[in-house]
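J.: Have a look at this one before I ask anything.
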Amino acid sequence: MDQGKKVWAPHLQDGFILGEIVDFGTDTLSVQPSDGGKIIEAPYDSVYPAEDESAKDQEDNCGLMYLNEATLLHNLRRRFMQDKIYTYTANILLAINPYHTLDIYTSENVKKYCGVSLGVLPPHVFAVADKAYRDMRNLQLSQGIVVSGESGAGKTESTKHLLRYLTESYGGGSTAVDNLEARILAANPFLESFGNAKTTRNNNSSRFGKFVELHFNRNYLVSGAHIEHYLLEKSRIIDQSDKERNYHVFYRMCKGSPDAMKSALNLGDVSSFSYLKKGITGEIQFLDDVKDFAVMEKSMNDCGLDGKEKSDVFRLSASVLHIGNIEFSESGDGSNVTDATQKSLQGVAKMLGLQADALSDALCYNVIQIPGSGPSKKGKPPLEAAYGRDALAKAIYSKLFDWIVKRINKCFPFDKSENFIGVLDIAGFEYFEINSFEQFCINYCNEKLQQFFNERILKDEQELYVKESIKFKEVEFVDNQDCIDLIESKPDGILAMLDEESKLPKAQDGNFAEKLHAKHKNHFRLQLPRKSKMAYYKKLRDSEGFIIRHFAGAVCYQTDGFIDKNNDALTFDLFNLMDSSQDPFTKELFTPREGEPVPKQGKITLISLGNKFKDALSQLMEKLHSTRSTFIRCIKPNQKMQPKLFNGGDILSQLQCAGMVSVLDLMQGGFPSRTAFQALYDMYKSVLPPALAQLDPRTFAKALFKALGLSEDDFQFGVSKVFFRPGKFAEFDTIMRADPEHLSNLVNKVMEWLIKQRWKKIAWATVSCLKFAAKIRARAGSAIVMQKTILMYLSRNRHKPRYEGIKQLNTLGTQLQVMNEVVDKLEKNKEKFQKVVADVRDELQGSINKVKVNEKITREEIEKIAANMQKKMDSQLTSIKKEQEKQKLAAEAERLKKLAEEMERQRKEKEEAERRRREQEDEAKRQKEMELQAKREAEEEAKRLEKLRIQQEQEEQNKKVQAKRAEERRREMEEQQRLEQERRDQELAMRLAQDQANPDAALTDETKASIAQGPTVKRKQLTRQTTFANKKQEALHKKHDLSKWKYADLRDTINTSCDIDLLEACREEFHRRLKVYHAWKMKNMKKNQKQDTRTPDVLRGAADQRGAAPAPPKKKKSKNERPQRYFRIPFIRPGDKKQGYRKKGWWFAHFDGQWIARQMELHPDQPPVLLVAGKDDMEMCELSLEETGLTRKRGAEILAREFEEEWKRHGGQSYIRAEPKKK
């Protein structure tokens, strides 16, 4: 299937196993392993495509074609088998412990990596050290190198190599001592002797954490150093398992010290000491105690210890062994030192400068103060006396170790420091069969360091991308803040509750555990012991332990001894005894530090070790936050500590717990290297000519990259920085530094690019100016038309009253004509009255001219002028009539009277008509305005209400959708976190079970069943929801359960079945699986690979926008009808777009019902691509017809004849449909 491409399937032991996909379902893929094993069914998100077999191993995992955890693991495996133990993931170094000596740490290699950018030479711890130094020097900022990993992963060795490289390469800055660098390196054997021990997982395990600071002067040369240590495992001093040892120093003194020392300190065989005989007493592979004693003693000499100091250290170390041999027996109401161990008691007293009787009394009796009678002795039971003995031994060794670290710091002093490089080496995540207070504190520290890693690499990195406007794919990661809060918060955190219980008079470990479970009974991170995946933890009572689900997995802690181990204070009697010592060295060790509480008689003194560790850890985190940090992730390849043995399952678990998978997701589209424009400009300004030196930093950087021919895919410009893909900054840095003789050519290229850019800007500006000028001319013409129209409107509104007034005055001319006619008929005084009429005419004409000339005249003034004229004409007419009466006979006078009355009537009618017309016009105008206003208001109100309704509906819908999506995301996130935590808990339980003699019996039945069922069950809650286009499809799905059918069965049924219902159900299920499978392929494409071309982008984009396909329109059709439809759309391959190849091709599709039956691609200058369903399904469009939107695309559908002509022209075979049998 899929042309036999290889994939990685999850595997319990190997992490991932190579195979081929043989079938795919809606939720799972079936993979046939290449070794012929049982077929693996795994969820889509657990299967990854494999690299080509011919592909070489990559020095940087970001260079893998497929960036996923399977290819990461495979790349590490190939490199590990070639003894290439170092691999980069961007700027993070992965270091796998080879468990044998490699010749890669020579002085020649030290010189080779000096001053070389990261990524130029093969990955190495030296390269990380040099990068930290150069970053400190260039950025003038202190650096931190965090070396992390499980016990036995090689953290201590990596720290040694880092310190050696820095001191050898950049030493010589000390003015206080001559051999500073040698002292710094020599301190390691001294510290390891007293702080390291053999454990089940590591022969040289550091049982304390240290932060080594290398300080540099203003010339950036090593001028001094300082060591801070954290949490020495004191319980190891008195007890170890049968597969472990006590601290190295005891065995080296017993086996390798000179006879004189053995005699003086009464040192015998290892098995003669109670504190040593519980563990391994024989020889250990890779450990030579005799030889190591000489190395330790030389280290002490190199650190500047004189003979007396060495003698004091060995003396107190021997006293610890002898204290362990003191035994007690019952005596009356208390206990006494046994006769057999009196010699040990006296030897200890002598070594510590004490009186033997005083030591015996302090161990066997409590001094109590009785009111009125003074102090009195009260005997201790033997068990309590033994506890006091062990507490004294632990106190002596702990204070001796503090003194050793302090003394070592004195051997490399410094006066002033410009910056420092800090190397953190602290115990990795620990999980044993018995986990106590020490493992709790160590794992708490690792939770904080993991959070720091997440913040620096994941959270801060993504926030920087957002701040600098860099495009990237957001990466989600599990936040372990809730686990940290559970441990350190006040007043309900585990440490706070432990302190509260320790302050009680009768503090008990069981009460502490019960209170803890009661307080946090619903906390996700806290569980009862009986819920463990390990069988032996289920026997514990609730009061005997608790489980914390750490970032790396669930660990069960037994609370027995928690309260005692948390209290770092001695009893008053023992403290008073040590304070009375006559030995100056012993007295110095037990002198209380400033601010440290002093035990008081009759009172409980609590010096909380957990609180001290929390404060020290907080100071460490503050120091790390103040530095620019680099990370080295050390990996343990197997639990057997054997070379060339690569346990993929264990390594994958370590990578996942270290957050490397999330880092890989981020680095797929990330930019791990970056530099500020100004810093880049300053770096090369001294070698640039003035023409380039005058550029601003951003332009300079852009011109420089263009001149060097760097691809734009290799970097991005931010707001203030330029960001580089993994390894690309090293290439750029190498080009600039390696070719100074070609600088003139580079300058010419930069100048040429600048000229071209400036010419483009000028050309663009010219075109923009021409466009702008044309736009101005067009706007000017439009402005003239607008002005003309507006002026016309304004003029009409301004002149309309005068126009109507003139029209009204002109109507008086008719009346004037009547007056002329009457005057013409007069026989006497005719001239006189003609003059009167002429005057009236002139006055009328003057009124008209006045109205014409005066633009400011109002309608009221015009009406007043018209009324005056009317009145005057009436008056003149009356006088004429009177005259006429005198001149005519009574009959004529009567006729004139009737004429005057008629004229008056006409005038009144006209006035009345004019008045009615004005009123009607005014009323109509008001009515129209009111109607328009009411209509506008109604429309606006309707629009407002409709808009408000739509907005409310949209808001309600959006709220519902958002709430639903948020709830789904929250549930999915919680479920993913729960499943991820379950996976880590299960893997941790399996790894812990490997330490047992019978690993299978160590696991619970539920855990074994979960392992047997495989990875599919792990994601049973994340199965995809099946969606249907309509109810018919859903009914078919319910009727025919095809979820267990294989791909081949579905395909054969589609090609051969005559059952229409079964055929439709198979087609539906087949294409649903195709969609999920293609989505998986898209998610796991090769780096920089473009999307395949089985479906044009326009159709896929339309389907994505619409989401679920709508139900097809209902049509009346026969039961067996399946419409055949044909389509053609233009098509450009994505790869052709990138190359500037923009010739359009054509994409043809023949849909048989809702699903594609034939597909054809025709491209210019390329052979045609013809695909047929049933044979080429993997390369064909998997979308349904409705999802493509082709039926709604204008001009896309073509005739069957057109499709068949093109199909046959290019060699296509005739299509035969599967028809149902006729009954």
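Convention: chains lettered A, B, ... in structure tokens order; per-chain residue numbering from 1; ligands numbered from 1 as shown.
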Give me, as a PyMOL selection string, all polymer residues having an atom no more than 10 Å from Tyr465 (chain A), counting only C-alpha atoms and skipping those fewer than 6 positions away in the same chain.
T.: chain A and resi 471-472+474+670-671+718-719+723
J.: Would you list the contacts of Tyr681 (chain A) as a ChimeraX atom specification, taking every protein, DNA or RNA residue within 9 Å and counting only C-alpha atoms, but skipping same-chain residues closer than 5 positions in sequence?
T.: /A:676,693,696-698,700-701
J.: How close does each residue of region 281-395 of chain A get to region 202-217 of chain A, giving the shortest atom pair and distance in Å to one decimal for every residue with an atom at most 12 Å away, counting only C-alpha atoms, sorted by chain and residue number, as JSON lines?
T.:
```
{"residue": "A:Glu283", "atom": "CA", "partner": "A:Asn203", "partner_atom": "CA", "distance": 11.5}
{"residue": "A:Ile284", "atom": "CA", "partner": "A:Asn203", "partner_atom": "CA", "distance": 8.0}
{"residue": "A:Gln285", "atom": "CA", "partner": "A:Asn203", "partner_atom": "CA", "distance": 8.2}
{"residue": "A:Phe286", "atom": "CA", "partner": "A:Asn203", "partner_atom": "CA", "distance": 7.8}
{"residue": "A:Leu287", "atom": "CA", "partner": "A:Asn203", "partner_atom": "CA", "distance": 7.7}
{"residue": "A:Asp288", "atom": "CA", "partner": "A:Asn203", "partner_atom": "CA", "distance": 11.4}
```
J.: Could you state the separation of CA of Val320 (chain A) and CA of Arg245 (chain A) in Å, given to one decimal place?
T.: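 Spanning CA of Val320 (chain A) to CA of Arg245 (chain A) is a straight-line distance of 15.2 Å.
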J.: As an mmCIF file with N, CA and C atoms, in the first residue's frame, please: every residue in region 59-224 of chain A that a backbone DSSP assignment puts in helix (DSSP H, G or I).
T.:
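And here's out-v3.cif as it stands now:
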```cif
data_model
loop_
_atom_site.group_PDB
_atom_site.id
_atom_site.type_symbol
_atom_site.label_atom_id
_atom_site.label_comp_id
_atom_site.auth_asym_id
_atom_site.auth_seq_id
_atom_site.Cartn_x
_atom_site.Cartn_y
_atom_site.Cartn_z
ATOM 1 N N ASN A 61 19.475 17.067 14.483
ATOM 2 C CA ASN A 61 18.190 16.425 14.218
ATOM 3 C C ASN A 61 17.251 17.320 13.417
ATOM 4 N N CYS A 62 17.465 18.629 13.470
ATOM 5 C CA CYS A 62 16.626 19.532 12.689
ATOM 6 C C CYS A 62 16.874 19.368 11.199
ATOM 7 N N GLY A 63 17.952 18.674 10.812
ATOM 8 C CA GLY A 63 18.232 18.439 9.404
ATOM 9 C C GLY A 63 17.534 17.221 8.849
ATOM 10 N N GLU A 69 9.538 12.148 16.506
ATOM 11 C CA GLU A 69 10.285 11.446 17.543
ATOM 12 C C GLU A 69 10.830 10.111 17.063
ATOM 13 N N ALA A 70 10.198 9.494 16.067
ATOM 14 C CA ALA A 70 10.702 8.220 15.560
ATOM 15 C C ALA A 70 12.004 8.409 14.785
ATOM 16 N N THR A 71 12.033 9.397 13.875
ATOM 17 C CA THR A 71 13.266 9.641 13.119
ATOM 18 C C THR A 71 14.361 10.185 14.031
ATOM 19 N N LEU A 72 13.968 10.945 15.053
ATOM 20 C CA LEU A 72 14.949 11.410 16.037
ATOM 21 C C LEU A 72 15.610 10.223 16.727
ATOM 22 N N LEU A 73 14.809 9.278 17.177
ATOM 23 C CA LEU A 73 15.347 8.095 17.865
ATOM 24 C C LEU A 73 16.210 7.277 16.917
ATOM 25 N N HIS A 74 15.774 7.101 15.680
ATOM 26 C CA HIS A 74 16.533 6.311 14.709
ATOM 27 C C HIS A 74 17.868 6.984 14.387
ATOM 28 N N ASN A 75 17.854 8.293 14.264
ATOM 29 C CA ASN A 75 19.094 9.016 13.983
ATOM 30 C C ASN A 75 20.083 8.852 15.139
ATOM 31 N N LEU A 76 19.577 8.919 16.371
ATOM 32 C CA LEU A 76 20.444 8.708 17.536
ATOM 33 C C LEU A 76 20.991 7.283 17.559
ATOM 34 N N ARG A 77 20.154 6.322 17.173
ATOM 35 C CA ARG A 77 20.596 4.920 17.177
ATOM 36 C C ARG A 77 21.745 4.725 16.178
ATOM 37 N N ARG A 78 21.574 5.234 14.971
ATOM 38 C CA ARG A 78 22.617 5.055 13.951
ATOM 39 C C ARG A 78 23.926 5.718 14.369
ATOM 40 N N ARG A 79 23.824 6.910 14.927
ATOM 41 C CA ARG A 79 25.028 7.620 15.346
ATOM 42 C C ARG A 79 25.682 6.923 16.548
ATOM 43 N N PHE A 80 24.862 6.431 17.468
ATOM 44 C CA PHE A 80 25.401 5.770 18.656
ATOM 45 C C PHE A 80 26.182 4.509 18.261
ATOM 46 N N MET A 81 25.667 3.764 17.300
ATOM 47 C CA MET A 81 26.344 2.543 16.873
ATOM 48 C C MET A 81 27.661 2.836 16.165
ATOM 49 N N SER A 107 43.811 16.842 23.503
ATOM 50 C CA SER A 107 44.173 18.267 23.450
ATOM 51 C C SER A 107 44.063 18.812 22.034
ATOM 52 N N GLU A 108 44.311 17.944 21.039
ATOM 53 C CA GLU A 108 44.162 18.388 19.651
ATOM 54 C C GLU A 108 42.716 18.763 19.361
ATOM 55 N N ASN A 109 41.776 17.984 19.896
ATOM 56 C CA ASN A 109 40.365 18.304 19.704
ATOM 57 C C ASN A 109 39.986 19.591 20.421
ATOM 58 N N VAL A 110 40.574 19.834 21.563
ATOM 59 C CA VAL A 110 40.309 21.075 22.288
ATOM 60 C C VAL A 110 40.691 22.272 21.420
ATOM 61 N N LYS A 111 41.860 22.205 20.805
ATOM 62 C CA LYS A 111 42.315 23.305 19.947
ATOM 63 C C LYS A 111 41.450 23.420 18.697
ATOM 64 N N LYS A 112 40.986 22.277 18.187
ATOM 65 C CA LYS A 112 40.208 22.287 16.952
ATOM 66 C C LYS A 112 38.884 23.037 17.124
ATOM 67 N N TYR A 113 38.257 22.913 18.292
ATOM 68 C CA TYR A 113 36.947 23.534 18.506
ATOM 69 C C TYR A 113 37.058 24.971 19.004
ATOM 70 N N VAL A 125 30.734 18.213 23.110
ATOM 71 C CA VAL A 125 30.562 19.011 24.318
ATOM 72 C C VAL A 125 31.506 20.207 24.302
ATOM 73 N N PHE A 126 32.651 20.069 23.616
ATOM 74 C CA PHE A 126 33.577 21.194 23.488
ATOM 75 C C PHE A 126 32.932 22.346 22.717
ATOM 76 N N ALA A 127 32.139 22.019 21.691
ATOM 77 C CA ALA A 127 31.497 23.064 20.881
ATOM 78 C C ALA A 127 30.505 23.865 21.715
ATOM 79 N N VAL A 128 29.780 23.186 22.605
ATOM 80 C CA VAL A 128 28.829 23.877 23.485
ATOM 81 C C VAL A 128 29.577 24.797 24.440
ATOM 82 N N ALA A 129 30.696 24.301 24.984
ATOM 83 C CA ALA A 129 31.491 25.122 25.896
ATOM 84 C C ALA A 129 32.028 26.359 25.177
ATOM 85 N N ASP A 130 32.512 26.180 23.947
ATOM 86 C CA ASP A 130 33.066 27.322 23.211
ATOM 87 C C ASP A 130 31.981 28.316 22.854
ATOM 88 N N LYS A 131 30.794 27.809 22.503
ATOM 89 C CA LYS A 131 29.684 28.722 22.194
ATOM 90 C C LYS A 131 29.301 29.545 23.422
ATOM 91 N N ALA A 132 29.263 28.907 24.588
ATOM 92 C CA ALA A 132 28.953 29.636 25.822
ATOM 93 C C ALA A 132 29.993 30.721 26.076
ATOM 94 N N TYR A 133 31.254 30.387 25.849
ATOM 95 C CA TYR A 133 32.315 31.390 26.064
ATOM 96 C C TYR A 133 32.167 32.554 25.082
ATOM 97 N N ARG A 134 31.951 32.260 23.789
ATOM 98 C CA ARG A 134 31.845 33.339 22.812
ATOM 99 C C ARG A 134 30.602 34.199 23.049
ATOM 100 N N ASP A 135 29.499 33.566 23.476
ATOM 101 C CA ASP A 135 28.296 34.343 23.810
ATOM 102 C C ASP A 135 28.554 35.252 25.005
ATOM 103 N N MET A 136 29.284 34.742 25.994
ATOM 104 C CA MET A 136 29.614 35.571 27.156
ATOM 105 C C MET A 136 30.465 36.765 26.733
ATOM 106 N N ARG A 137 31.431 36.515 25.874
ATOM 107 C CA ARG A 137 32.336 37.587 25.442
ATOM 108 C C ARG A 137 31.633 38.586 24.531
ATOM 109 N N ASN A 138 30.846 38.110 23.583
ATOM 110 C CA ASN A 138 30.208 39.000 22.614
ATOM 111 C C ASN A 138 29.031 39.757 23.214
ATOM 112 N N LEU A 139 28.244 39.062 24.034
ATOM 113 C CA LEU A 139 27.050 39.681 24.609
ATOM 114 C C LEU A 139 27.315 40.297 25.973
ATOM 115 N N LYS A 155 26.367 12.761 33.280
ATOM 116 C CA LYS A 155 26.374 14.198 33.600
ATOM 117 C C LYS A 155 27.717 14.630 34.185
ATOM 118 N N THR A 156 28.225 13.830 35.119
ATOM 119 C CA THR A 156 29.480 14.209 35.780
ATOM 120 C C THR A 156 30.628 14.263 34.785
ATOM 121 N N GLU A 157 30.695 13.278 33.880
ATOM 122 C CA GLU A 157 31.765 13.269 32.878
ATOM 123 C C GLU A 157 31.637 14.459 31.935
ATOM 124 N N SER A 158 30.415 14.793 31.556
ATOM 125 C CA SER A 158 30.213 15.959 30.681
ATOM 126 C C SER A 158 30.666 17.237 31.371
ATOM 127 N N THR A 159 30.375 17.340 32.663
ATOM 128 C CA THR A 159 30.809 18.517 33.423
ATOM 129 C C THR A 159 32.329 18.620 33.442
ATOM 130 N N LYS A 160 32.986 17.483 33.636
ATOM 131 C CA LYS A 160 34.463 17.487 33.643
ATOM 132 C C LYS A 160 35.013 17.998 32.311
ATOM 133 N N HIS A 161 34.441 17.496 31.213
ATOM 134 C CA HIS A 161 34.937 17.898 29.890
ATOM 135 C C HIS A 161 34.684 19.381 29.647
ATOM 136 N N LEU A 162 33.565 19.883 30.104
ATOM 137 C CA LEU A 162 33.275 21.316 29.945
ATOM 138 C C LEU A 162 34.316 22.154 30.686
ATOM 139 N N LEU A 163 34.569 21.804 31.940
ATOM 140 C CA LEU A 163 35.525 22.569 32.740
ATOM 141 C C LEU A 163 36.932 22.464 32.158
ATOM 142 N N ARG A 164 37.278 21.259 31.706
ATOM 143 C CA ARG A 164 38.616 21.084 31.141
ATOM 144 C C ARG A 164 38.784 21.937 29.884
ATOM 145 N N TYR A 165 37.775 21.928 29.023
ATOM 146 C CA TYR A 165 37.888 22.708 27.782
ATOM 147 C C TYR A 165 38.057 24.198 28.086
ATOM 148 N N LEU A 166 37.229 24.716 28.964
ATOM 149 C CA LEU A 166 37.266 26.152 29.252
ATOM 150 C C LEU A 166 38.566 26.560 29.921
ATOM 151 N N THR A 167 39.069 25.727 30.834
ATOM 152 C CA THR A 167 40.314 26.092 31.526
ATOM 153 C C THR A 167 41.523 25.960 30.608
ATOM 154 N N GLU A 168 41.521 24.925 29.741
ATOM 155 C CA GLU A 168 42.647 24.754 28.820
ATOM 156 C C GLU A 168 42.653 25.828 27.730
ATOM 157 N N SER A 169 41.470 26.181 27.233
ATOM 158 C CA SER A 169 41.388 27.108 26.100
ATOM 159 C C SER A 169 41.500 28.559 26.530
ATOM 160 N N TYR A 170 40.940 28.893 27.681
ATOM 161 C CA TYR A 170 40.847 30.308 28.047
ATOM 162 C C TYR A 170 41.360 30.556 29.473
ATOM 163 N N LEU A 180 45.991 27.812 38.681
ATOM 164 C CA LEU A 180 44.544 27.854 38.918
ATOM 165 C C LEU A 180 43.821 26.791 38.104
ATOM 166 N N GLU A 181 44.131 26.685 36.825
ATOM 167 C CA GLU A 181 43.408 25.759 35.960
ATOM 168 C C GLU A 181 43.585 24.319 36.431
ATOM 169 N N ALA A 182 44.803 23.979 36.828
ATOM 170 C CA ALA A 182 45.059 22.616 37.329
ATOM 171 C C ALA A 182 44.276 22.354 38.609
ATOM 172 N N ARG A 183 44.156 23.351 39.454
ATOM 173 C CA ARG A 183 43.410 23.172 40.707
ATOM 174 C C ARG A 183 41.923 22.935 40.434
ATOM 175 N N ILE A 184 41.400 23.693 39.454
ATOM 176 C CA ILE A 184 39.963 23.534 39.145
ATOM 177 C C ILE A 184 39.681 22.113 38.689
ATOM 178 N N LEU A 185 40.541 21.582 37.826
ATOM 179 C CA LEU A 185 40.338 20.220 37.340
ATOM 180 C C LEU A 185 40.638 19.193 38.419
ATOM 181 N N ALA A 186 41.611 19.517 39.268
ATOM 182 C CA ALA A 186 41.998 18.569 40.320
ATOM 183 C C ALA A 186 40.944 18.445 41.404
ATOM 184 N N ALA A 187 40.050 19.400 41.511
ATOM 185 C CA ALA A 187 39.032 19.361 42.561
ATOM 186 C C ALA A 187 38.035 18.235 42.337
ATOM 187 N N ASN A 188 37.851 17.788 41.093
ATOM 188 C CA ASN A 188 36.842 16.768 40.796
ATOM 189 C C ASN A 188 37.089 15.450 41.506
ATOM 190 N N PRO A 189 38.293 14.863 41.413
ATOM 191 C CA PRO A 189 38.501 13.584 42.137
ATOM 192 C C PRO A 189 38.290 13.714 43.644
ATOM 193 N N PHE A 190 38.677 14.850 44.201
ATOM 194 C CA PHE A 190 38.492 15.084 45.633
ATOM 195 C C PHE A 190 37.004 15.089 45.987
ATOM 196 N N LEU A 191 36.232 15.863 45.208
ATOM 197 C CA LEU A 191 34.791 15.951 45.465
ATOM 198 C C LEU A 191 34.102 14.619 45.219
ATOM 199 N N GLU A 192 34.479 13.926 44.151
ATOM 200 C CA GLU A 192 33.820 12.668 43.814
ATOM 201 C C GLU A 192 34.065 11.618 44.891
ATOM 202 N N SER A 193 35.229 11.637 45.507
ATOM 203 C CA SER A 193 35.517 10.644 46.549
ATOM 204 C C SER A 193 34.550 10.763 47.707
ATOM 205 N N PHE A 194 34.193 11.974 48.069
ATOM 206 C CA PHE A 194 33.326 12.201 49.231
ATOM 207 C C PHE A 194 31.854 12.387 48.857
ATOM 208 N N GLY A 195 31.565 12.621 47.574
ATOM 209 C CA GLY A 195 30.181 12.886 47.190
ATOM 210 C C GLY A 195 29.591 11.904 46.213
#
```
J.: Between CA of Val290 (chain A) and CA of Lys399 (chain A), what is the distance in Å, rounded to a tenth?
T.: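 CA of Lys399 (chain A) lies 25.8 Å from CA of Val290 (chain A).
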J.: Please identify all polymer residues within 10 Å of Leu102 (chain A), counting only C-alpha atoms, omitting same-chain residues fewer than 4 positions from it, and present them as a PyMOL selection string.
T.: chain A and resi 83-85+98+106
J.: If you keep all heavy atoms, can you produce a file of those selected residues as a PDB file, in the first residue's frame?
T.:
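Done, and the output landed in again.pdb:
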```pdb
ATOM      1  N   ASP A  83      29.637   5.191  17.367  1.00  0.00           N
ATOM      2  CA  ASP A  83      30.352   5.906  18.432  1.00  0.00           C
ATOM      3  C   ASP A  83      30.280   7.422  18.263  1.00  0.00           C
ATOM      4  O   ASP A  83      31.136   8.155  18.749  1.00  0.00           O
ATOM      5  CB  ASP A  83      31.824   5.467  18.499  1.00  0.00           C
ATOM      6  CG  ASP A  83      31.983   4.132  19.215  1.00  0.00           C
ATOM      7  OD1 ASP A  83      31.077   3.776  20.002  1.00  0.00           O
ATOM      8  OD2 ASP A  83      32.986   3.447  18.984  1.00  0.00           O
ATOM      9  N   LYS A  84      29.230   7.891  17.572  1.00  0.00           N
ATOM     10  CA  LYS A  84      28.967   9.330  17.502  1.00  0.00           C
ATOM     11  C   LYS A  84      27.941   9.641  18.586  1.00  0.00           C
ATOM     12  O   LYS A  84      26.734   9.630  18.355  1.00  0.00           O
ATOM     13  CB  LYS A  84      28.429   9.722  16.130  1.00  0.00           C
ATOM     14  CG  LYS A  84      29.393   9.414  14.979  1.00  0.00           C
ATOM     15  CD  LYS A  84      28.747   9.740  13.634  1.00  0.00           C
ATOM     16  CE  LYS A  84      29.686   9.430  12.484  1.00  0.00           C
ATOM     17  NZ  LYS A  84      29.041   9.682  11.164  1.00  0.00           N
ATOM     18  N   ILE A  85      28.438   9.894  19.773  1.00  0.00           N
ATOM     19  CA  ILE A  85      27.544   9.970  20.928  1.00  0.00           C
ATOM     20  C   ILE A  85      26.893  11.343  21.082  1.00  0.00           C
ATOM     21  O   ILE A  85      25.974  11.501  21.887  1.00  0.00           O
ATOM     22  CB  ILE A  85      28.306   9.617  22.220  1.00  0.00           C
ATOM     23  CG1 ILE A  85      29.433  10.629  22.483  1.00  0.00           C
ATOM     24  CG2 ILE A  85      28.836   8.204  22.150  1.00  0.00           C
ATOM     25  CD1 ILE A  85      30.091  10.469  23.833  1.00  0.00           C
ATOM     26  N   PRO A  98      28.453   6.306  26.241  1.00  0.00           N
ATOM     27  CA  PRO A  98      28.892   5.137  25.451  1.00  0.00           C
ATOM     28  C   PRO A  98      29.288   3.943  26.309  1.00  0.00           C
ATOM     29  O   PRO A  98      29.405   2.829  25.797  1.00  0.00           O
ATOM     30  CB  PRO A  98      30.098   5.687  24.687  1.00  0.00           C
ATOM     31  CG  PRO A  98      30.662   6.729  25.586  1.00  0.00           C
ATOM     32  CD  PRO A  98      29.489   7.351  26.307  1.00  0.00           C
ATOM     33  N   THR A 106      40.918  14.654  23.220  1.00  0.00           N
ATOM     34  CA  THR A 106      42.346  14.960  23.247  1.00  0.00           C
ATOM     35  C   THR A 106      42.577  16.466  23.209  1.00  0.00           C
ATOM     36  O   THR A 106      41.672  17.256  22.895  1.00  0.00           O
ATOM     37  CB  THR A 106      43.032  14.313  22.033  1.00  0.00           C
ATOM     38  OG1 THR A 106      42.457  14.855  20.835  1.00  0.00           O
ATOM     39  CG2 THR A 106      42.846  12.802  22.046  1.00  0.00           C
TER      40      THR A 106
END
```
J.: So, with only C-alpha atoms as the atoms that count, which of A:Pro1123, A:Val1076, A:Pro1130, A:Ile762 lies closest to Leu1183 (chain A)?
T.: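 Checking each of A:Pro1123, A:Val1076, A:Pro1130, A:Ile762 against Leu1183 (chain A), counting only C-alpha atoms, the winner is A:Val1076.
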J.: How far is it from CA of Ile880 (chain A) to CA of Val836 (chain A), in Å with one decimal?
T.: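 Computing it gives 9.4 Å between the two atoms.
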